[in-house]
>>> print(open('data_15.txt').read())   # compact mmCIF, C-alpha atoms
# COMPACT_ATOMS: atom_id res chain seq x y z
CA MET A 1 87.44 127.71 100.29
CA ALA A 2 87.31 125.30 97.36
CA ALA A 3 90.64 124.88 95.63
CA ASP A 4 91.41 126.57 92.33
CA ARG A 5 93.27 123.85 90.48
CA SER A 6 94.04 126.17 87.60
CA GLN A 7 97.29 126.46 89.60
CA SER A 8 98.74 129.43 91.46
CA ALA A 9 101.45 131.70 90.08
CA GLY A 10 104.58 129.79 89.12
CA ILE A 11 102.96 126.34 89.31
CA ALA A 12 102.74 124.37 86.09
CA ALA A 13 99.42 122.74 85.18
CA SER A 14 99.51 118.96 85.62
CA PRO A 15 98.20 116.85 82.72
CA SER A 16 96.22 113.71 83.45
CA VAL A 17 98.55 110.76 83.97
CA THR A 18 95.99 108.48 82.32
CA LEU A 19 95.99 110.71 79.24
CA LEU A 20 99.78 110.78 79.13
CA ARG A 21 99.90 107.00 79.39
CA ASP A 22 97.45 106.56 76.51
CA ARG A 23 99.28 109.05 74.25
CA LEU A 24 102.63 107.40 74.94
CA ALA A 25 101.23 103.94 74.25
CA SER A 26 99.63 105.02 70.96
CA GLY A 27 102.74 106.82 69.73
CA ALA A 28 100.99 110.19 69.68
CA LEU A 29 103.64 111.32 72.18
CA ASP A 30 107.28 110.25 72.30
CA ALA A 31 108.83 109.51 75.67
CA LEU A 32 111.80 111.75 74.81
CA THR A 33 109.55 114.70 74.02
CA LEU A 34 107.75 114.23 77.33
CA VAL A 35 110.97 113.86 79.31
CA ASP A 36 112.46 116.96 77.69
CA SER A 37 109.43 118.99 78.80
CA TYR A 38 109.94 117.89 82.41
CA ILE A 39 113.70 118.51 82.23
CA ALA A 40 112.99 122.06 81.07
CA ARG A 41 110.68 122.57 84.02
CA ILE A 42 113.24 121.20 86.48
CA GLU A 43 115.96 123.42 85.05
CA ALA A 44 113.67 126.46 85.35
CA ARG A 45 112.50 125.84 88.92
CA GLU A 46 114.86 123.55 90.82
CA ALA A 47 117.07 126.37 92.11
CA GLU A 48 114.05 127.78 93.94
CA VAL A 49 112.13 124.63 94.93
CA GLY A 50 115.01 122.26 95.68
CA ALA A 51 113.05 119.03 95.15
CA TRP A 52 115.87 116.83 93.86
CA ALA A 53 118.61 114.98 95.72
CA TRP A 54 119.97 113.43 92.50
CA PHE A 55 119.02 114.29 88.93
CA ASP A 56 120.85 113.57 85.67
CA PRO A 57 118.98 114.80 82.59
CA GLU A 58 121.05 112.65 80.23
CA PHE A 59 120.20 109.53 82.21
CA ALA A 60 116.50 110.36 81.84
CA ARG A 61 116.89 111.06 78.13
CA ALA A 62 118.76 107.78 77.55
CA GLN A 63 115.91 105.80 79.11
CA ALA A 64 113.38 107.70 76.99
CA ARG A 65 115.28 107.02 73.75
CA ASN A 66 115.44 103.31 74.54
CA LEU A 67 111.72 103.19 75.29
CA ASP A 68 110.84 105.05 72.08
CA ALA A 69 112.90 102.54 70.08
CA TYR A 70 111.23 99.68 71.93
CA ARG A 71 107.74 101.02 71.08
CA ARG A 72 108.65 101.36 67.41
CA SER A 73 109.70 97.69 67.39
CA GLY A 74 106.07 96.72 67.92
CA ARG A 75 106.67 94.64 71.03
CA PRO A 76 104.17 94.74 73.94
CA LEU A 77 104.50 97.81 76.13
CA GLY A 78 104.65 98.00 79.89
CA ARG A 79 101.76 99.57 81.75
CA LEU A 80 103.82 102.66 82.63
CA HIS A 81 105.56 102.94 79.28
CA GLY A 82 107.41 106.25 79.03
CA LEU A 83 106.01 107.79 82.23
CA PRO A 84 108.66 109.55 84.37
CA VAL A 85 108.59 108.66 88.07
CA ALA A 86 110.55 110.31 90.90
CA LEU A 87 111.79 108.27 93.87
CA LYS A 88 112.18 109.43 97.46
CA ASP A 89 115.85 109.19 98.34
CA VAL A 90 115.36 106.34 100.82
CA ILE A 91 114.57 103.92 97.98
CA ASP A 92 117.56 101.94 96.73
CA THR A 93 118.55 102.39 93.10
CA ALA A 94 121.37 100.26 91.71
CA LYS A 95 124.37 102.36 90.61
CA ILE A 96 122.54 105.59 91.56
CA PRO A 97 123.10 107.33 94.92
CA THR A 98 120.64 106.65 97.72
CA GLU A 99 121.70 108.87 100.62
CA ASN A 100 118.70 108.74 103.00
CA GLY A 101 118.93 112.48 103.62
CA CYS A 102 121.92 112.11 105.92
CA THR A 103 125.65 112.78 105.81
CA ARG A 104 126.61 109.27 106.97
CA ASP A 105 125.14 107.86 103.74
CA ALA A 106 126.63 110.52 101.43
CA ASN A 107 127.75 108.93 98.15
CA ARG A 108 126.18 105.59 99.11
CA ILE A 109 125.63 103.57 95.90
CA PRO A 110 123.39 100.48 96.29
CA LEU A 111 124.17 97.36 94.29
CA ARG A 112 120.54 96.28 93.97
CA ASP A 113 117.27 98.00 93.10
CA ALA A 114 114.44 98.11 95.61
CA PHE A 115 111.37 96.00 94.82
CA VAL A 116 109.42 99.05 93.64
CA VAL A 117 112.24 100.12 91.29
CA GLU A 118 112.33 96.66 89.73
CA ARG A 119 108.57 96.93 89.13
CA LEU A 120 108.89 100.38 87.57
CA LYS A 121 111.56 99.24 85.15
CA LYS A 122 109.62 96.10 84.23
CA GLU A 123 106.59 98.22 83.32
CA GLY A 124 108.51 100.74 81.23
CA ALA A 125 108.64 103.69 83.61
CA ILE A 126 111.46 106.22 83.41
CA ILE A 127 113.43 106.68 86.64
CA MET A 128 113.56 110.47 86.60
CA GLY A 129 115.74 110.90 89.69
CA LYS A 130 115.84 110.89 93.49
CA THR A 131 113.85 113.42 95.49
CA VAL A 132 114.80 115.09 98.75
CA THR A 133 113.81 113.46 102.02
CA THR A 134 114.13 114.77 105.52
CA GLU A 135 117.02 113.31 107.53
CA LEU A 136 116.46 109.54 107.69
CA ALA A 137 112.83 110.11 106.68
CA PHE A 138 112.04 111.68 110.04
CA MET A 139 111.33 115.34 110.86
CA HIS A 140 114.64 117.22 110.45
CA PRO A 141 113.92 119.17 107.22
CA GLY A 142 115.75 118.94 103.93
CA LYS A 143 116.27 121.79 101.46
CA THR A 144 112.89 121.64 99.70
CA ALA A 145 110.50 124.60 99.67
CA ASN A 146 106.76 124.64 98.99
CA PRO A 147 106.15 125.42 95.29
CA HIS A 148 103.05 127.47 96.12
CA ASN A 149 105.00 129.79 98.41
CA LEU A 150 108.73 129.28 98.80
CA ALA A 151 108.68 130.67 102.34
CA HIS A 152 106.49 127.77 103.52
CA THR A 153 107.32 124.15 104.29
CA PRO A 154 106.39 121.42 101.79
CA GLY A 155 105.92 119.01 104.70
CA GLY A 156 107.93 115.87 105.37
CA SER A 157 109.40 113.42 105.07
CA SER A 158 108.51 112.81 101.39
CA GLN A 159 108.89 116.53 100.77
CA GLY A 160 110.79 116.38 97.49
CA SER A 161 108.37 113.89 95.95
CA ALA A 162 105.31 116.00 96.79
CA ALA A 163 106.95 119.25 95.68
CA ALA A 164 108.21 117.79 92.39
CA VAL A 165 104.72 116.61 91.42
CA ALA A 166 103.10 119.84 92.63
CA ASP A 167 105.50 121.99 90.60
CA GLY A 168 105.01 120.01 87.39
CA MET A 169 108.58 118.61 87.39
CA VAL A 170 107.34 115.03 87.13
CA PRO A 171 103.87 113.46 86.80
CA LEU A 172 104.36 110.70 89.40
CA ALA A 173 106.45 110.10 92.50
CA ILE A 174 106.92 107.51 95.23
CA GLY A 175 107.28 108.22 98.94
CA THR A 176 106.94 106.50 102.29
CA GLN A 177 104.86 107.14 105.41
CA THR A 178 105.54 106.15 109.01
CA GLY A 179 103.51 108.94 110.61
CA GLY A 180 102.18 111.37 108.01
CA SER A 181 104.92 111.55 105.41
CA ILE A 182 102.75 111.11 102.30
CA ILE A 183 99.42 112.61 103.29
CA ARG A 184 100.78 115.76 104.97
CA PRO A 185 103.18 116.91 102.19
CA ALA A 186 100.52 116.12 99.60
CA SER A 187 98.12 118.35 101.54
CA PHE A 188 100.65 121.18 101.89
CA CYS A 189 101.75 121.01 98.24
CA GLY A 190 98.28 120.57 96.72
CA VAL A 191 98.54 117.14 95.08
CA THR A 192 96.97 113.73 95.54
CA GLY A 193 98.83 111.52 98.02
CA TYR A 194 97.85 107.90 98.53
CA LYS A 195 98.96 105.59 101.35
CA PRO A 196 97.66 102.09 100.67
CA THR A 197 96.80 99.36 103.14
CA TYR A 198 99.82 98.41 105.24
CA GLY A 199 101.81 95.67 103.54
CA ALA A 200 100.31 96.20 100.09
CA ILE A 201 103.59 97.42 98.55
CA PRO A 202 106.81 95.55 99.45
CA ARG A 203 109.51 97.59 101.21
CA ARG A 204 112.58 95.57 100.29
CA GLY A 205 115.41 97.99 99.52
CA ILE A 206 113.83 100.91 101.40
CA LEU A 207 115.24 102.48 104.56
CA ALA A 208 113.61 100.86 107.59
CA GLN A 209 112.60 103.29 110.31
CA SER A 210 109.70 101.48 111.97
CA PRO A 211 108.73 98.28 110.12
CA THR A 212 105.47 97.95 112.09
CA LEU A 213 104.37 101.25 110.52
CA ASP A 214 106.49 101.95 107.41
CA THR A 215 104.29 102.08 104.30
CA VAL A 216 105.09 102.90 100.66
CA GLY A 217 102.78 105.33 98.87
CA VAL A 218 102.51 107.53 95.79
CA PHE A 219 101.89 111.08 94.56
CA ALA A 220 100.01 112.21 91.46
CA SER A 221 97.79 115.06 90.30
CA ASP A 222 94.57 113.05 90.73
CA PRO A 223 93.35 109.75 92.23
CA ALA A 224 93.34 107.92 88.89
CA GLY A 225 97.01 108.74 88.36
CA ALA A 226 97.88 107.58 91.87
CA ALA A 227 95.88 104.39 91.28
CA LEU A 228 97.71 103.65 88.03
CA LEU A 229 101.12 103.84 89.71
CA ALA A 230 100.19 102.13 92.97
CA GLU A 231 98.54 99.16 91.28
CA ILE A 232 101.83 98.38 89.53
CA LEU A 233 103.66 98.38 92.87
CA PHE A 234 101.30 96.10 94.82
CA GLY A 235 102.70 92.62 95.35
CA ASP A 236 104.25 89.97 97.53
CA ASP A 237 107.93 89.72 98.41
CA PRO A 238 109.39 86.96 100.61
CA GLU A 239 111.90 89.53 101.91
CA ASP A 240 109.09 91.62 103.42
CA SER A 241 107.07 89.70 106.01
CA ALA A 242 104.30 92.32 105.95
CA THR A 243 103.32 91.27 102.43
CA ALA A 244 101.20 88.28 101.40
CA PRO A 245 100.40 86.49 98.13
CA LEU A 246 97.03 88.16 97.53
CA PRO A 247 95.26 89.26 94.33
CA THR A 248 96.12 92.81 93.28
CA PRO A 249 93.05 95.08 93.37
CA ALA A 250 92.12 96.81 90.11
CA LEU A 251 92.81 100.28 91.49
CA HIS A 252 92.94 102.18 88.20
CA THR A 253 89.80 100.58 86.79
CA ALA A 254 88.02 101.34 90.06
CA ALA A 255 89.12 104.98 90.00
CA LEU A 256 87.70 105.37 86.49
CA SER A 257 84.42 103.61 87.29
CA LYS A 258 81.20 105.21 88.43
CA PRO A 259 79.89 104.26 91.88
CA PRO A 260 76.52 102.44 91.74
CA ILE A 261 75.11 105.18 93.98
CA ALA A 262 76.55 108.47 95.15
CA PRO A 263 79.01 107.86 98.01
CA VAL A 264 78.28 108.77 101.62
CA PHE A 265 80.99 110.28 103.82
CA GLY A 266 81.34 110.06 107.58
CA PHE A 267 82.93 113.31 108.77
CA VAL A 268 85.29 112.63 111.66
CA LYS A 269 86.95 115.18 113.92
CA PRO A 270 90.12 113.30 114.87
CA PRO A 271 91.76 113.53 118.30
CA SER A 272 93.47 116.92 118.76
CA TRP A 273 90.81 118.58 116.60
CA ASP A 274 91.35 121.69 118.71
CA THR A 275 94.79 122.07 117.08
CA ALA A 276 93.22 122.52 113.63
CA ASP A 277 93.58 125.94 112.04
CA GLN A 278 90.32 127.89 112.00
CA GLN A 279 90.51 128.07 108.20
CA MET A 280 90.60 124.28 108.01
CA ARG A 281 87.65 123.98 110.37
CA SER A 282 85.61 126.53 108.39
CA ALA A 283 86.50 124.87 105.10
CA PHE A 284 85.30 121.49 106.37
CA ASP A 285 82.05 123.02 107.61
CA GLU A 286 81.50 124.36 104.08
CA LEU A 287 82.43 121.04 102.47
CA VAL A 288 80.13 118.99 104.68
CA ASP A 289 77.29 121.45 104.09
CA ALA A 290 77.85 121.32 100.33
CA LEU A 291 77.71 117.51 100.35
CA GLY A 292 74.32 117.69 102.06
CA ASP A 293 72.76 114.29 102.72
CA GLN A 294 75.94 112.59 101.49
CA ALA A 295 77.87 113.59 104.62
CA PHE A 296 77.20 113.25 108.31
CA GLU A 297 79.32 113.76 111.41
CA MET A 298 80.52 110.58 113.06
CA PRO A 299 82.34 110.61 116.43
CA LEU A 300 85.38 108.46 117.07
CA PRO A 301 85.13 106.15 120.10
CA ALA A 302 87.22 107.10 123.14
CA ILE A 303 89.66 104.25 122.42
CA PHE A 304 91.17 106.45 119.68
CA ASP A 305 92.15 109.24 122.10
CA ASP A 306 95.46 107.58 123.00
CA ALA A 307 96.34 106.37 119.51
CA ALA A 308 98.91 109.09 118.80
CA GLU A 309 100.90 108.24 121.92
CA GLN A 310 100.77 104.50 121.16
CA ARG A 311 101.94 105.07 117.58
CA LYS A 312 104.83 107.19 118.85
CA LYS A 313 105.98 104.43 121.22
CA ILE A 314 106.14 101.94 118.35
CA ASN A 315 107.81 104.41 116.00
CA PHE A 316 110.46 105.63 118.43
CA ALA A 317 111.27 102.23 119.93
CA GLU A 318 111.82 100.67 116.49
CA MET A 319 113.63 103.78 115.30
CA ALA A 320 116.06 103.50 118.22
CA TYR A 321 116.90 99.96 117.08
CA HIS A 322 117.15 100.57 113.33
CA TYR A 323 118.94 103.92 113.62
CA TYR A 324 121.45 102.83 116.26
CA PRO A 325 124.36 102.91 113.76
CA TYR A 326 123.51 106.51 112.85
CA ALA A 327 123.29 107.60 116.50
CA ARG A 328 126.57 105.79 117.22
CA ASP A 329 128.51 107.15 114.25
CA MET A 330 127.08 110.64 113.77
CA GLY A 331 126.75 111.88 117.33
CA ASP A 332 125.87 115.58 117.52
CA SER A 333 125.89 115.90 113.73
CA LEU A 334 122.58 114.04 113.67
CA GLY A 335 119.66 116.46 113.76
CA GLN A 336 118.38 117.30 117.23
CA VAL A 337 114.82 116.14 116.53
CA THR A 338 116.15 112.79 115.27
CA ARG A 339 118.45 112.36 118.29
CA ASP A 340 115.64 113.20 120.70
CA ALA A 341 113.36 110.57 119.13
CA ILE A 342 116.06 107.91 119.38
CA VAL A 343 116.70 108.76 123.05
CA GLU A 344 112.97 108.56 123.77
CA GLY A 345 112.73 105.27 121.89
CA ASN A 346 115.53 103.76 123.96
CA ALA A 347 113.51 104.50 127.09
CA VAL A 348 110.28 102.74 125.99
CA PRO A 349 109.69 99.67 128.23
CA ALA A 350 109.15 96.38 126.41
CA ARG A 351 105.69 95.95 127.99
CA ASP A 352 104.61 99.37 126.69
CA TYR A 353 105.95 98.65 123.21
CA LEU A 354 104.18 95.29 123.00
CA SER A 355 100.97 96.77 124.35
CA ALA A 356 101.10 99.51 121.70
CA CYS A 357 101.57 96.87 118.99
CA ASP A 358 98.24 95.34 120.05
CA MET A 359 96.35 98.61 119.53
CA PRO A 360 95.67 98.32 115.77
CA LYS A 361 93.48 95.24 116.30
CA LEU A 362 91.23 97.13 118.69
CA LEU A 363 91.14 100.29 116.61
CA ASN A 364 90.35 98.47 113.37
CA ALA A 365 87.49 96.57 115.01
CA ALA A 366 85.92 99.92 115.87
CA LEU A 367 86.66 101.35 112.42
CA ASP A 368 85.12 98.37 110.65
CA GLU A 369 81.85 99.02 112.46
CA MET A 370 81.96 102.73 111.64
CA LEU A 371 82.65 102.09 107.97
CA THR A 372 79.51 100.00 107.59
CA ARG A 373 77.68 103.36 107.73
CA CYS A 374 79.61 105.19 105.03
CA ASP A 375 81.81 104.68 101.99
CA ALA A 376 84.76 106.51 103.52
CA ILE A 377 85.73 108.57 106.52
CA LEU A 378 86.17 112.25 105.67
CA CYS A 379 88.70 114.26 107.73
CA PRO A 380 91.47 116.86 107.34
CA ALA A 381 94.79 115.78 105.86
CA ALA A 382 96.66 118.28 108.05
CA THR A 383 95.91 120.79 110.77
CA GLY A 384 95.83 123.61 108.20
CA PRO A 385 97.85 125.09 105.34
CA ALA A 386 101.63 124.68 105.24
CA PRO A 387 103.29 126.57 108.10
CA ASN A 388 105.57 129.50 107.34
CA GLY A 389 109.29 128.67 107.48
CA LEU A 390 111.45 125.76 106.38
CA GLU A 391 112.58 124.80 109.89
CA THR A 392 109.50 122.63 110.46
CA THR A 393 107.69 119.97 108.43
CA GLY A 394 104.32 120.54 110.13
CA ASP A 395 102.27 118.43 112.51
CA PRO A 396 101.33 114.85 111.46
CA ILE A 397 98.70 114.49 114.21
CA PHE A 398 95.83 113.90 111.75
CA ASN A 399 97.75 111.20 109.86
CA GLY A 400 99.44 108.96 112.42
CA LEU A 401 96.18 107.41 113.59
CA TRP A 402 95.51 105.90 110.16
CA THR A 403 99.13 104.80 109.78
CA LEU A 404 98.85 102.95 113.10
CA CYS A 405 95.65 101.27 111.91
CA GLY A 406 97.24 100.34 108.57
CA THR A 407 94.17 101.59 106.72
CA PRO A 408 94.31 103.00 103.20
CA CYS A 409 93.98 106.77 103.00
CA ILE A 410 94.19 109.39 100.31
CA THR A 411 94.32 113.18 100.33
CA LEU A 412 92.73 115.34 97.64
CA PRO A 413 93.67 118.98 96.90
CA LEU A 414 90.16 120.37 97.29
CA LEU A 415 90.57 123.35 99.64
CA THR A 416 92.64 126.54 99.81
CA SER A 417 93.46 128.97 102.59
CA GLU A 418 92.86 132.71 102.41
CA GLU A 419 96.53 133.09 101.46
CA GLY A 420 96.09 130.73 98.51
CA LEU A 421 97.85 127.75 100.08
CA PRO A 422 96.43 124.24 99.51
CA MET A 423 94.62 122.30 102.23
CA GLY A 424 93.94 118.62 101.68
CA VAL A 425 90.81 116.55 102.30
CA GLN A 426 91.64 113.07 103.59
CA LEU A 427 89.55 109.97 102.93
CA VAL A 428 90.02 106.74 104.90
CA ALA A 429 88.64 103.25 104.21
CA ALA A 430 88.83 99.88 105.93
CA ARG A 431 91.96 97.79 105.43
CA ASP A 432 92.13 96.11 102.01
CA ASN A 433 89.34 98.31 100.65
CA ASP A 434 91.77 100.25 98.48
CA ALA A 435 89.84 99.90 95.22
CA ARG A 436 86.61 101.19 96.74
CA LEU A 437 88.54 104.07 98.28
CA MET A 438 89.95 104.98 94.86
CA ARG A 439 86.51 104.99 93.27
CA THR A 440 85.12 107.15 96.07
CA ALA A 441 88.09 109.51 95.95
CA GLN A 442 87.83 110.06 92.20
CA TRP A 443 84.10 110.71 92.58
CA LEU A 444 84.76 113.40 95.20
CA PHE A 445 87.60 114.88 93.13
CA ASN A 446 85.29 115.17 90.10
CA TRP A 447 82.40 116.47 92.23
CA ALA A 448 84.59 119.26 93.58
CA ASP A 449 85.55 120.15 90.00
CA GLY A 450 81.91 120.25 88.93
CA VAL A 451 82.27 117.25 86.63
CA GLU A 452 78.92 115.62 85.86
CA GLN A 453 78.89 112.00 87.07
>>> encode(input="data_15.txt", output="structure tokens")
Amino acid sequence: MAADRSQSAGIAASPSVTLLRDRLASGALDALTLVDSYIARIEAREAEVGAWAWFDPEFARAQARNLDAYRRSGRPLGRLHGLPVALKDVIDTAKIPTENGCTRDANRIPLRDAFVVERLKKEGAIIMGKTVTTELAFMHPGKTANPHNLAHTPGGSSQGSAAAVADGMVPLAIGTQTGGSIIRPASFCGVTGYKPTYGAIPRRGILAQSPTLDTVGVFASDPAGAALLAEILFGDDPEDSATAPLPTPALHTAALSKPPIAPVFGFVKPPSWDTADQQMRSAFDELVDALGDQAFEMPLPAIFDDAAEQRKKINFAEMAYHYYPYARDMGDSLGQVTRDAIVEGNAVPARDYLSACDMPKLLNAALDEMLTRCDAILCPAATGPAPNGLETTGDPIFNGLWTLCGTPCITLPLLTSEEGLPMGVQLVAARDNDARLMRTAQWLFNWADGVEQ
């Protein structure tokens, strides 16, 4: 069940982001020419895929023209010069709508860019547009369909970002994850999704759902592309208490480097393994067998069995607080799944919430010991291929554990179902081991493609 990354019918092949960056920097490729190619793709496919919440082709072209003129001036270029990037529509963009997937915020125009948008502009990226999110970045679906099969969900809540990259509408995109909102849609749509260590990327100017869990992440066609974008976004911001003034890891260099020895993977069957689709289970059996001595099964301690429930208590309790204005003002017009979560969050006792907030310390102590025996944990990115229908975003049960722990994780599009739908392979590392994770992920990505290393 190895993936065929030659792309299924209707899906555009994705060029290497690293190659695009180098061609743009050298002048072999103009930013306007590149942007026009993506605009053509969007115009051809958006009516079917529905990835965009806001898109103005002339705005994208104007940025590209300015960047081409800047390059011809001979001045130093930013590290993302000319690369188009899509933004999940919970990320504030000055003078551009940020509507958070909900009617209450329709036509909302922020006055200030989010931290990540400021970084993108500083490094010469092109803000391509805003991608569809589920309602308030939770689980009530938006309009987006899965590019591989329009009858299937693209996942949530960063559904538009994953679908836009998967369909070749943009090379890079930014999303957020509170449960499984980067890893799951990346798995369903067949792209690389990377959620870094909690607190690595500042969240100022991004919709707060559950600040104890909310994490910014990225989408690309391969780990090196994800590393290039994420490294730019790492930083410290006094307006986000989860961040700290720490050195930025060399993610892109690590992704392009060769491991000193071939990596070893600890295969983990996460809690609720019995909910995994049989195709996913069989595919992982094949993958572990193919890796041979480089993979071994590693059980999770019993302390992890209750992690999903503890994560939910934190998420829903904080969501009830942060989304109170929406519940107050929108009433029954708020999606049922969102309303139910807020009601449940209001009922969480303070002692249970505080106890749940202590869980990551215990879980990470156990993970640190496990990860002394392997380079990364290997596990499914979702329970199976994307479910049929657009009324659901799928089950995040295999993602929330790692979000609770705050560990870096990445999904790779290495497997396919019998129906030709993608199934992602998730790798997890210890907190702050993002660079090593990137190197390991790129090695596995190349290994699956048969690239000699």
>>> closest_residue(input="data_15.txt", among="A:Ile201, A:Ala242, A:Leu24, A:Ala448", to="Leu415 of chain A", atoms="all atoms listed in the file")
A:Ala448
>>> closest_residue(input="data_15.txt", among="A:Arg436, A:Arg311, A:Arg41, A:His81", to="Ala227 of chain A", atoms="all atoms listed in the file")
A:Arg436
>>> closest_residue(input="data_15.txt", among="A:Leu334, A:Leu111, A:Cys409, A:Leu20", to="Pro223 of chain A", atoms="all atoms listed in the file")
A:Cys409
>>> residues_around(input="data_15.txt", residues="Glu135 of chain A", least_positions_apart="3", cutoff="9 Å", atoms="only C-alpha atoms", output="list in words")
Asn100, Gly101, Cys102, Thr103, Phe138, Met139, His140, Pro141, Gly142, Ser157, Leu334, Gly335 and Thr338 of chain A
>>> residues_around(input="data_15.txt", residues="Val264 of chain A", least_positions_apart="5", cutoff="10 Å", atoms="only C-alpha atoms", output="list of chain:residue names")
A:Leu291, A:Gly292, A:Asp293, A:Gln294, A:Ala295, A:Phe296, A:Arg373, A:Cys374, A:Asp375, A:Ala376, A:Ile377, A:Leu378, A:Thr440
>>> residues_around(input="data_15.txt", residues="Glu123 of chain A", least_positions_apart="6", cutoff="8 Å", atoms="only C-alpha atoms", output="PyMOL selection string")
chain A and resi 77-81+232
>>> closest_residue(input="data_15.txt", among="A:Val165, A:Leu67, A:Ala47, A:Ala40", to="Ala86 of chain A", atoms="all atoms listed in the file")
A:Val165
>>> residues_around(input="data_15.txt", residues="Ser241 of chain A", least_positions_apart="5", cutoff="9 Å", atoms="only C-alpha atoms", output="list of chain:residue names")
A:Gly199, A:Pro202, A:Asp236
>>> residues_around(input="data_15.txt", residues="Phe234 of chain A", least_positions_apart="5", cutoff="12 Å", atoms="all atoms listed in the file", output="ChimeraX atom specification")
/A:115-116,119-120,195-203,215-218,227-229,243-251,432,434
